Structures are given as structure tokens and as C-alpha cells.
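Notes follow once the structure below has been shown.
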Amino acid sequence: MIYRMRRFIRRRPFLTLLLAIGTGLLAALLVAIGYLFTDLPDLSRLEAGLALPSTRILDRQGRLLYEIADPEGGRNRAVPLDQFPQSCIDATIATEDAHFYEHIGVDLAGILRALRINVEGGEVLAGGSTITQQVARNLLLDPEQRAERTLTRKLRESILAIRLTLAYSREDILTLYLNQTYYGNLAYGLEAAARTIFGTGAAALDLAQCAMLAGLPQAPATYDPLENPEAAKARQATVLRLMTEQGYITEGEARRALNEPLQYAAVPFPIEAPHFVMAVWEQLAAQFPEALYRGGLTVTTTLDLDWQQTAVRVAQRHLARLNRSDSTGFGHNVHNAALVAMDPYTGHVLAMLGSPDYFDESISGAYNAALAPRQPGSALKPFTYAAAFDPAQPDPWTAATLTFDIETPFVTRRLESYTPANFGLVEHGPVLVRQALACSYNIPAVVALEHIGVDALVRLLTRLGVRTLAGNEKIDLAVTLGGGEVRLLELTQAYAALANGGYAVTPVLITRVEAADGQLLYEWEPRPPANRVIDPRVAWLITDILSDNNARMPAFGPASALQIGRPAAAKTGTTTDYRDNWTMGYTPNLVVGVWVGNADNTPMREVTGISGAGPIWHDFIRTVLRGQPVLTFQRPDGLVQAEVCAMSGLLPTDACPRRVREWFIEGTVPTDYDTFYQTFAIDRRTGLLADDSTPPEDRVERVYLVLPQEARDWAAREGIPAPPVGAEVVRADAARSLRLLEPDPYTRFRMSPGLPGDVQRLRLTVGVSPGTQRVTYFMDGRPVGSATDAPWVVWWPLEVGEHELVAVAELADGATERTDPLPFTVAPYMPADQRPTAGTLP
């Protein structure tokens, strides 16, 4: 046998050569095939190559607010094939793989064409990859292998594509492609691309939009319509031509699609309610730090997107109105507004507007004024009065408690004189708390705060969720007028307690968090209110005052922005320098807070809470509650109504000309009778008190308003007649002791070089007890003058130095009363350029 073979080889050398070559080629082919199949990825790795799903933040109805992408990856959301428009499927097949449903995963004609073009040098310069090959490359090969541009990689990719075709249906492969392909702008999959480019879901895409997106995968950066609109338009035309050539659309449809103007998303990554989303993001980062970027969380929030969009429209409309030039040729220089809407029982934040335009850098739009500390103006007054109404404390106030809205000096905790004034520097004399709060008078609010103490107010607000005041050593009596800083979200949270009967609530932003596999990670559960901070009767009384349009009419008129056509309680706030204004208010089922100002803290031009924040509050709350049932505030048990004299708040006598019915917590109805209105017998011939010589026909009875000493200057300015000289009056302040009215304590006076020394004098006055016969003033222990009749005035020549003033009263029964020392300082004249600057000790 061996001999015969040798003889055959000697006789046929050419055939022998061919046999050797064939054997070598076969061996080489076997080696190549073995190499191509060595370490070829298993199809079980397909899932590992999928793009990580993004964390999706949804509103309470499931509408997308934002997708949080992996910083090292991109955005992705997989959707079923039947949710993609047929136009997008057709455009993708026409552009990427015309024979997708015919080949076995590899288009042999395409590969041969690519080989012919690229075989030189072994580098692939032209494509030929089918949809299945692209899926295999993107999901099964590692990044290093995908980056190779070699014939080997192409062949390995083709083998994997054939395997995929044998293992999966064409629909499955197409679904993988449409959900995993990179479309640019960090968008993986057609759904993410649709939201990134057009700001809408894939299901809503039309033919023109589908053609635009189908052309992106070949070169996402080159054809990016947000950056290169002309190149993107040309690519869209190519896709439409391919669809026409392959019979998916007609030439007319292609022409109309090409001519259709496309509206791109305003920003590359569309976001709704950005300030709210950022707050949710921060909370998620704290609770789910690992899963936030790589877990594909689905986060359902409390926000109502319709309400949020209403807040944006309303704020933008009213800010534009405020900035239109008025008769002076100027606008009001107001560019920012914030709004928080909350369910007062659950704490659900239904809307959060941090600025009118998050992306407007000219107004620092990213500044979230809903979370930033700002001065609240008068918006804290309801809580001052709520603390004063607390029936658990000694001597609680009522809605009928008398206060005096007249210039009143106070001593702060830093032993400084503080004399607040009303807006417009107007004084209203004696007012009851209902009117004082409803009309937002400043001086009575400070009187109330002095009554309860600053710490009591801070404790109450802290328990209600306002965290910015506790521990602030600078807080003093001015805090009830806005002398501190609060956050709109926290103040809205505090007002919720007034709406819900006194319970503290916690703001809720997130109601549900699910993992990508559907596992429930968190779910908010409603719980019955448990932390009651305000007595429900107090909460109702404050609400009744804040919803009393008649009570606030003197300050706001009969038809202010606080009227919304249904029961609602509201309070405004304005800082004296017009840097902040607020309207806080609520219905029985909704609490809304609005702030208006400028992010850079520049002052507005004469914009108050009623003209700035008020209209936004009014329009928002009317819009979102339109069509809902009209609810009323339910009065709790333990309240009674009684008639009182409208001037003093005490039980009326026959002399009282005007009476009102007021609500009281049981046990707080006044028991004393009014003494402000007193009747005197007058001789009408002289206008003086009638005496024994006055004929009966000339004796008439007249009612006079008898006010305490400190209110008499106000009464004189208002033209209110004083009781006749010599009248024995029953004093309205009978229970009060002797008190110094002038000067203000801890005041610093300065001598003037332009006036003679003997005319530089200080007025000393007191409020006295009934039966006072004489008042003597002592300066630094030395008597400086006496007075024997109202208004008990002595004038004291100024002397440089630190002084203490004491007044001593002698009563008709021989008793005496003595005031506490009142300190003040008289400083010598000093040129203005030599005086201490603010914050410097003298």
C-alpha cells in the first residue's frame, strides 16, 4: 500500500500539491473556527448587558416628572414592543436592516459588501451589521471587544447573531434593539430618546419624529437634533426616502413628514416641577443611596402635576403684571415667587414652586424659595395669638381681649428700647384682638408676644415644624412682625395645624418606592393624627378670625384677594423694606403658602402681601378647587357665644352704643362690665358738669368715652371728646397700677448744639390708678417735679449722663404707689462723622 501511494505521488505531483493545500486550509479553517468559538459569550449573559433602568420620579397620578440616570451610564426605560408606534418600527427596519424578517441574523450580502470594501488592512471601514448583530454586539460583547474594528470581531458578532436568531423571536430581538440602542444625549432606548429629544413618551411619536430618531443610532453625536439640527434634518430625509423605497410610506407621506416643523424639548433632559424633584432626589439619596442610580426605582410622589402647572402659570402671569410700568414709568422690581400646597391632614405636598422658571439664570431660577429661609413679615402673628389664647395658661386672652394700637415702648431681652409701628404709621387706638389680628396691626401683636414671652412662641412654632427660630439668640419681640427667618414649606406645615384642629403634620413628598423587579421598598401609610399641639378650640378661633371678612375690612376692604368665594382663612405678611411678602391661607382641606420677592434679596417697589403674594394665592386656590364641594370649618365643642361691648370687649352696659357677639372658650367669657362708656350729667348752658345750681330743664345726660391715660393723646388727635373737667370717672384701667408712659425705657437721647439748654427738656408722664391725687417724679433719687391732675405731665431739663426715673403717686385714701425704675441715657452732642457705627458700642 505504501509503495503504491509513493508511486501515485511521483506520477501526479500537481494533485499532491492541491491535496496538501486543501489539508492545510481545512486545518486552518478548523483552527479559525475554533478560535472564533473560543470564549464566545453565552446567550445567558444577555440580561447582564442590558442598560440599567433609570430611576423614574412620578407624580401622584403616575405621570413622569423626571428620570434620574446613572452618572456613569445614561437614561433608560424599557417598554413593550406594542407601545412603540408602527412608524418607529418601520423607520428602524428600513434604516438599519431592510431584510430583518428574512435572514438568519446575518445579511450575507451585506457582509460580502463590507468585506470587499474593508478587507485591505483588516480594518472594518464600512458596516453591514443587522439589527440582530447590533443587539449581539451591544449586549453580549464587552466594551473592549465592541471597540475593536476587526474582521474577527465582525465574525464573532455574526456567530452570536445567528445564535440569537435561533433562540429568540424577531419581535424579542426588535424589542431589545429599540429598548437598548444608544440614541445620544445619554438616552438608551427609544423611550428615553423620545423624552430627551421631544419631551414626550415614545407612544406619542408621529412619523416625522420616528424618522428623526431612527436615524440617530448610526452616529448619535453627528445627527443630534439639539446640537446639529441641519445634519439631523438631512438624516431624517434619508430615513424617509428609505421608508418610501421599501414601501412603508408613500412619497406624499414622506414629503409631509419632512416638512413638519418639529418641537424639541426645551432642555436635553425634560423635567417637570424641578424644585420639587430636586427635593425628592435629595430624600432618595439619603434613603436609597445604592439603588438610586442603579436600581431602576419607580418613585411615586405626592405632587399633582396639574396643580404644579397651575402654580407656574399663575405666578408667571402675576409677576408679569407687577413688572409692567405703572403711572410712574417703573415696574415693581419683583421677579421671584414660590408656592407650596399641602393637604393639612396628611402633609402631602401637592405642589411646590421654588421659582417661576427654574432655568432662568437672570432671576436665579434654580434658587428654591420654598426651602430658603426668608423673613415672614406678619405671617407669624396667628401663632402669637394662638399661644396667648391657650386656655391652659394663666389669664388666657380671647378674641375680645382689649389691646391698644397706639405707640408703645417695649424693652427687649437685650435691654433695648423697642417701639414698633404699624404699616403707614397709622394708630387705631383701642381694638379687640379679632380686629387686631384680622387687620394685622403690629403693636397689639407685640403686646401679645410680651404677654406670652418670646420663648413660648418659638416653642410653639418649633413643635409645629418651623425649625429656623429655635436656638437663634437674636430672636426678640420683633419676631412676631417678621424679625426672624422661616422656610415657606415649614410655615405652610405650621398653618396646616390651624386647618386640621391643632395637629402637627410632617411634609410628605414620597408615597411609594418600587425596585426595578417590582419589589416594594417603601410605602407611606396614613395614620390618624396624634400630635396635637394647639387646642382645637384655639385653632378654630384663629381660623374664625382669619376668615372674617368683616373684621379685616378696615385694612383690606370688602373685596380683597383673600376672598375666594368659599370659606377660607388667610394671613398676609410684608417686611418693612419690601424684600419679602407672603400670603398664607387655607380651606378645610387645603393649605397654601405663597412668597413673593427676589432671590438676590433686592427690595421690591411697594409690593405688599395683599398685592404681591395675595393674587397668586387667590388664583391658585380658586383654580385647583374649582368643581370641588364647598366645605366649612367645623366648630369643636367647648365654645360659647356672648355679647360684649365692641370697644372694650367687656360685658355691655346701657351706655355701650355698639355691641358684638363673640366666641369664647368655655370659662373665658368676661365677667366685668364695660367702663369705657360712662354717663355724666351736663349743664348744657356751660358744657360743664351739672351741679346743684343747674336747673332741671338745663340738665342733660351725655355718654363719654373714658380711656386710660396712655390712650388719651390718641383720643385727642382723633377728636374724641374728653370727659368734663372734674368728673368722677370709674376708670377703665382700674385694675392697673401706676406706670410710666414717657420717656421710653432704655432710650438714648442726645443734646443738640443748636438749642439753648433750658429748652432741651424731656416730657415725663404716667398712667395712674383711680383716686390719684398727686404724682411726684424722682430722677436718680432726687424729686424733679410734681403734677396734681391729668395728664400728669412734668418737663425735665436734659442732663448728660445715665439716669433712672421713678414716679410716686399719692392716692386719696392715703396710700402710695411707686413705679419700677426706668433707665435712659442723655449723651452730649457729637458730630455725625464721630458717632459709633451700627454694631459698635458707644
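Just remember, in the C-alpha cells the first chain shown is A, the second B, etc., residues are 1-based per chain, and ligands are 1-based in the order shown.
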
Would you mind listing what lies within 8 Å of region 770-783 of chain A as a list in words, with only C-alpha atoms counted and same-chain residues fewer than 2 positions away left out?
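Using only C-alpha atoms, the neighbours found are Val730, Arg731, Ala734, Leu764, Val768, Gly785, Ser786, Ala787, Thr788, Asp789, Trp792, Val794, His803, Glu804, Leu805, Val806, Ala807, Val808, Ala809, Glu810, Leu811, Ala812 and Asp813 of chain A.
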
When you look at Ser611 (chain A) with a cut-off of 10 Å (counting only C-alpha atoms), what residues show up, excluding the ones that are within fewer than 6 positions of it in the same chain? I need them as number ranges by chain.
A: 318, 322, 560-561, 572, 581-583, 596

Given the selection you just returned, output its residues as a file containing N, CA, C and O atoms, formatted as a tab-separated table (two decimals), in the first residue's frame.
chain	number	residue	atom	x	y	z
A	318	HIS	N	-48.86	86.83	37.21
A	318	HIS	CA	-48.93	87.96	38.15
A	318	HIS	C	-47.59	88.68	38.28
A	318	HIS	O	-47.56	89.89	38.50
A	322	LEU	N	-47.04	92.66	37.70
A	322	LEU	CA	-46.38	93.55	38.64
A	322	LEU	C	-45.23	94.31	38.01
A	322	LEU	O	-44.88	95.41	38.45
A	560	SER	N	-61.07	91.91	48.89
A	560	SER	CA	-59.64	91.72	48.72
A	560	SER	C	-59.34	90.38	48.07
A	560	SER	O	-60.22	89.55	47.86
A	561	ALA	N	-58.06	90.16	47.78
A	561	ALA	CA	-57.62	88.88	47.20
A	561	ALA	C	-57.80	87.72	48.16
A	561	ALA	O	-57.68	86.56	47.75
A	572	THR	N	-51.67	87.70	55.58
A	572	THR	CA	-50.60	88.24	54.75
A	572	THR	C	-49.39	88.59	55.61
A	572	THR	O	-49.48	88.65	56.85
A	581	ASN	N	-42.78	89.32	50.75
A	581	ASN	CA	-44.19	89.38	51.14
A	581	ASN	C	-44.82	88.01	50.96
A	581	ASN	O	-44.38	87.21	50.14
A	582	TRP	N	-45.84	87.76	51.77
A	582	TRP	CA	-46.41	86.43	51.90
A	582	TRP	C	-47.93	86.49	51.93
A	582	TRP	O	-48.51	87.50	52.35
A	583	THR	N	-48.54	85.42	51.52
A	583	THR	CA	-49.94	85.14	51.86
A	583	THR	C	-50.02	83.66	52.22
A	583	THR	O	-49.65	82.79	51.42
A	596	VAL	N	-43.42	86.04	47.71
A	596	VAL	CA	-43.02	86.84	46.55
A	596	VAL	C	-41.86	87.73	46.97
A	596	VAL	O	-41.88	88.32	48.06

Which of region 569-789 of chain A counts as strand (DSSP E) under DSSP, as a PyMOL selection string please?
chain A and resi 569-574+580-587+590-597+639-645+659-665+677-683+688-689+699-705+739-742+748-750+761-767+772-779+782-787

Cut-off 6 Å: closest region 332-380 of chain A/region 507-528 of chain A atom pairs per residue, using only C-alpha atoms, as a Markdown table:
| residue | atom | partner | partner_atom | distance |
| --- | --- | --- | --- | --- |
| A:Gly347 | CA | A:Pro507 | CA | 4.5 |
| A:His348 | CA | A:Val508 | CA | 4.7 |
| A:Val349 | CA | A:Leu509 | CA | 5.8 |

Output the selection as a short mmCIF file (atom, residue, chain, number, x, y, z; two decimals), in the first residue's frame - N, CA and C atoms for each residue.
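Below is the file that was written, out36.cif:
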data_model
loop_
_atom_site.label_atom_id
_atom_site.label_comp_id
_atom_site.auth_asym_id
_atom_site.auth_seq_id
_atom_site.Cartn_x
_atom_site.Cartn_y
_atom_site.Cartn_z
N GLY A 347 -50.22 65.92 55.22
CA GLY A 347 -48.93 66.55 54.97
C GLY A 347 -48.45 66.37 53.55
N HIS A 348 -49.26 65.75 52.67
CA HIS A 348 -48.85 65.56 51.29
C HIS A 348 -48.61 66.91 50.60
N VAL A 349 -47.44 67.07 50.03
CA VAL A 349 -47.12 68.29 49.28
C VAL A 349 -47.67 68.12 47.87
#

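We find CA of Glu606 (chain A) and CA of His332 (chain A) to be spaced 6.8 Å apart.
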
Between CA of His618 (chain A) and CA of Ile564 (chain A), what is the distance in Å, rounded to a tenth?
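Pair CA of His618 (chain A) / CA of Ile564 (chain A) returns 6.2 Å.
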
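Here the DSSP assignment of alpha helix (DSSP H), based on backbone atoms, applies within region 565-712 of chain A to Gly614, Pro615, Ile616, Trp617, His618, Asp619, Phe620, Ile621, Arg622, Thr623, Val624, Gln709, Glu710, Ala711 and Arg712 of chain A.
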
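Minimum atom-to-atom distance to Gln61 (chain A), evaluated using only C-alpha atoms, belongs to A:Asp306 out of A:Leu240, A:Glu290, A:Ala78, A:Asp306.
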
Extract, using only C-alpha atoms, all DNA, RNA and protein residues at most 8 Å from region 82-87 of chain A, discarding same-chain residues fewer than 2 positions from it, and format them as a tab-separated table (two decimals) with N, CA and C atoms, in the first residue's frame.
chain	number	residue	atom	x	y	z
A	79	VAL	N	-39.85	49.44	27.38
A	79	VAL	CA	-41.29	49.35	27.21
A	79	VAL	C	-41.60	48.21	26.24
A	80	PRO	N	-42.77	47.62	26.30
A	80	PRO	CA	-43.13	46.53	25.38
A	80	PRO	C	-43.18	47.00	23.94
A	89	ILE	N	-41.13	51.52	14.30
A	89	ILE	CA	-40.64	50.18	13.96
A	89	ILE	C	-40.26	50.14	12.48
A	90	ASP	N	-41.14	50.66	11.61
A	90	ASP	CA	-40.87	50.65	10.17
A	90	ASP	C	-39.63	51.47	9.84
A	91	ALA	N	-39.50	52.66	10.47
A	91	ALA	CA	-38.34	53.51	10.19
A	91	ALA	C	-37.05	52.84	10.61
A	202	ALA	N	-42.54	57.59	23.88
A	202	ALA	CA	-42.43	57.04	22.53
A	202	ALA	C	-43.80	56.79	21.92
A	203	ALA	N	-44.78	56.42	22.74
A	203	ALA	CA	-46.10	56.09	22.21
A	203	ALA	C	-46.75	57.26	21.50
A	204	ALA	N	-46.33	58.47	21.81
A	204	ALA	CA	-46.95	59.67	21.23
A	204	ALA	C	-46.22	60.17	19.99
A	205	LEU	N	-45.17	59.49	19.55
A	205	LEU	CA	-44.37	59.97	18.40
A	205	LEU	C	-45.15	59.81	17.09
A	206	ASP	N	-44.99	60.78	16.21
A	206	ASP	CA	-45.58	60.65	14.88
A	206	ASP	C	-44.50	60.24	13.88
A	207	LEU	N	-44.88	60.16	12.61
A	207	LEU	CA	-43.95	59.69	11.58
A	207	LEU	C	-42.70	60.55	11.50
A	210	CYS	N	-40.50	59.84	14.48
A	210	CYS	CA	-39.91	58.49	14.38
A	210	CYS	C	-38.76	58.47	13.38
A	211	ALA	N	-38.95	59.14	12.25
A	211	ALA	CA	-37.89	59.18	11.24
A	211	ALA	C	-36.65	59.89	11.77

Shell of 6 Å around region 410-423 of chain A, only C-alpha atoms, local chain residues under 2 positions omitted, as a PyMOL selection string
chain A and resi 408+425-426+442+745-747

Of the residues A:Thr310, A:Asn228, A:Thr132, A:Thr608, which is the one nearest to Asp172 (chain A), using only C-alpha atoms?
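Using only C-alpha atoms, the shortest distance to Asp172 (chain A) belongs to A:Thr132.
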
Name the closest residue to Lys571 (chain A) among the candidates A:Val312, A:Leu625, A:Ala379, A:Ile406; distances are taken between atoms, counting only C-alpha atoms.
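The answer is A:Ala379, which sits nearest to Lys571 (chain A).
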
Selection near Ile682 (chain A), 7 Å with only C-alpha atoms, sequence-local residues under 3 positions removed, as a PyMOL selection string:
chain A and resi 687-690+699-702

Store the residues picked out above in a file with all heavy atoms, as a PDB file, in the first residue's frame.
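In the end it all went to selection-v3.pdb:
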ATOM      1  N   GLY A 687     -71.696 123.521  79.341  1.00  0.00           N
ATOM      2  CA  GLY A 687     -70.949 122.357  78.888  1.00  0.00           C
ATOM      3  C   GLY A 687     -70.165 121.689  79.977  1.00  0.00           C
ATOM      4  O   GLY A 687     -69.425 120.726  79.723  1.00  0.00           O
ATOM      5  N   LEU A 688     -70.288 122.196  81.200  1.00  0.00           N
ATOM      6  CA  LEU A 688     -69.587 121.628  82.340  1.00  0.00           C
ATOM      7  C   LEU A 688     -70.506 120.675  83.080  1.00  0.00           C
ATOM      8  O   LEU A 688     -71.689 120.523  82.761  1.00  0.00           O
ATOM      9  CB  LEU A 688     -69.109 122.747  83.257  1.00  0.00           C
ATOM     10  CG  LEU A 688     -68.167 123.789  82.635  1.00  0.00           C
ATOM     11  CD1 LEU A 688     -67.830 124.871  83.663  1.00  0.00           C
ATOM     12  CD2 LEU A 688     -66.898 123.134  82.103  1.00  0.00           C
ATOM     13  N   LEU A 689     -69.910 120.029  84.091  1.00  0.00           N
ATOM     14  CA  LEU A 689     -70.707 119.138  84.906  1.00  0.00           C
ATOM     15  C   LEU A 689     -71.869 119.897  85.544  1.00  0.00           C
ATOM     16  O   LEU A 689     -71.700 121.031  86.008  1.00  0.00           O
ATOM     17  CB  LEU A 689     -69.853 118.493  85.989  1.00  0.00           C
ATOM     18  CG  LEU A 689     -68.917 117.351  85.573  1.00  0.00           C
ATOM     19  CD1 LEU A 689     -68.032 116.958  86.748  1.00  0.00           C
ATOM     20  CD2 LEU A 689     -69.703 116.139  85.081  1.00  0.00           C
ATOM     21  N   ALA A 690     -73.027 119.294  85.555  1.00  0.00           N
ATOM     22  CA  ALA A 690     -74.159 119.908  86.251  1.00  0.00           C
ATOM     23  C   ALA A 690     -73.930 119.837  87.754  1.00  0.00           C
ATOM     24  O   ALA A 690     -73.304 118.906  88.262  1.00  0.00           O
ATOM     25  CB  ALA A 690     -75.441 119.179  85.874  1.00  0.00           C
ATOM     26  N   ARG A 699     -80.363 120.388  82.628  1.00  0.00           N
ATOM     27  CA  ARG A 699     -79.536 119.223  82.971  1.00  0.00           C
ATOM     28  C   ARG A 699     -79.756 118.133  81.913  1.00  0.00           C
ATOM     29  O   ARG A 699     -80.886 117.704  81.678  1.00  0.00           O
ATOM     30  CB  ARG A 699     -79.912 118.720  84.356  1.00  0.00           C
ATOM     31  CG  ARG A 699     -79.095 117.537  84.848  1.00  0.00           C
ATOM     32  CD  ARG A 699     -79.641 117.055  86.172  1.00  0.00           C
ATOM     33  NE  ARG A 699     -79.447 118.042  87.222  1.00  0.00           N
ATOM     34  CZ  ARG A 699     -78.401 118.053  88.045  1.00  0.00           C
ATOM     35  NH1 ARG A 699     -77.471 117.115  87.945  1.00  0.00           N
ATOM     36  NH2 ARG A 699     -78.305 118.981  88.969  1.00  0.00           N
ATOM     37  N   VAL A 700     -78.693 117.715  81.241  1.00  0.00           N
ATOM     38  CA  VAL A 700     -78.775 116.648  80.228  1.00  0.00           C
ATOM     39  C   VAL A 700     -77.746 115.582  80.552  1.00  0.00           C
ATOM     40  O   VAL A 700     -76.702 115.857  81.172  1.00  0.00           O
ATOM     41  CB  VAL A 700     -78.527 117.192  78.802  1.00  0.00           C
ATOM     42  CG1 VAL A 700     -79.632 118.144  78.382  1.00  0.00           C
ATOM     43  CG2 VAL A 700     -77.167 117.850  78.692  1.00  0.00           C
ATOM     44  N   GLU A 701     -78.040 114.374  80.145  1.00  0.00           N
ATOM     45  CA  GLU A 701     -77.097 113.278  80.331  1.00  0.00           C
ATOM     46  C   GLU A 701     -76.397 112.978  79.010  1.00  0.00           C
ATOM     47  O   GLU A 701     -77.038 112.838  77.963  1.00  0.00           O
ATOM     48  CB  GLU A 701     -77.815 112.026  80.850  1.00  0.00           C
ATOM     49  CG  GLU A 701     -78.278 112.150  82.277  1.00  0.00           C
ATOM     50  CD  GLU A 701     -78.761 110.828  82.833  1.00  0.00           C
ATOM     51  OE1 GLU A 701     -79.047 109.908  82.036  1.00  0.00           O
ATOM     52  OE2 GLU A 701     -78.848 110.702  84.073  1.00  0.00           O
ATOM     53  N   ARG A 702     -75.097 112.880  79.090  1.00  0.00           N
ATOM     54  CA  ARG A 702     -74.287 112.565  77.897  1.00  0.00           C
ATOM     55  C   ARG A 702     -73.321 111.433  78.230  1.00  0.00           C
ATOM     56  O   ARG A 702     -72.809 111.344  79.347  1.00  0.00           O
ATOM     57  CB  ARG A 702     -73.506 113.796  77.432  1.00  0.00           C
ATOM     58  CG  ARG A 702     -74.387 114.899  76.877  1.00  0.00           C
ATOM     59  CD  ARG A 702     -73.564 116.112  76.483  1.00  0.00           C
ATOM     60  NE  ARG A 702     -74.428 117.200  76.013  1.00  0.00           N
ATOM     61  CZ  ARG A 702     -74.001 118.433  75.783  1.00  0.00           C
ATOM     62  NH1 ARG A 702     -72.730 118.748  75.983  1.00  0.00           N
ATOM     63  NH2 ARG A 702     -74.860 119.355  75.365  1.00  0.00           N
TER      64      ARG A 702
END

Any idea what's packed within 7 Å of region 706-719 of chain A, counting only C-alpha atoms, ignoring anything in its chain fewer than 2 positions away? Could you give it as a list in words?
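The filter keeps Gly429, Phe676, Tyr677, Gln678, Tyr704, Pro721, Pro723, Ala732, Asp733, Leu741 and Gly767 of chain A.
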
Shell of 12 Å around Gln309 (chain A), only C-alpha atoms, local chain residues under 2 positions omitted, as a PyMOL selection string:
chain A and resi 65+272-274+303-307+311-316+339+350-353+356-357+620+623-624

Please report the interatomic distance between CA of Asn500 (chain A) and CA of Ala568 (chain A) in Å with one decimal.
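CA of Ala568 (chain A) lies at a distance of 12.9 Å from CA of Asn500 (chain A).
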
Counting only C-alpha atoms, closest pick from A:Pro828, A:Pro670, A:Gly638, A:Gly501 relative to Leu650 (chain A) is A:Pro670
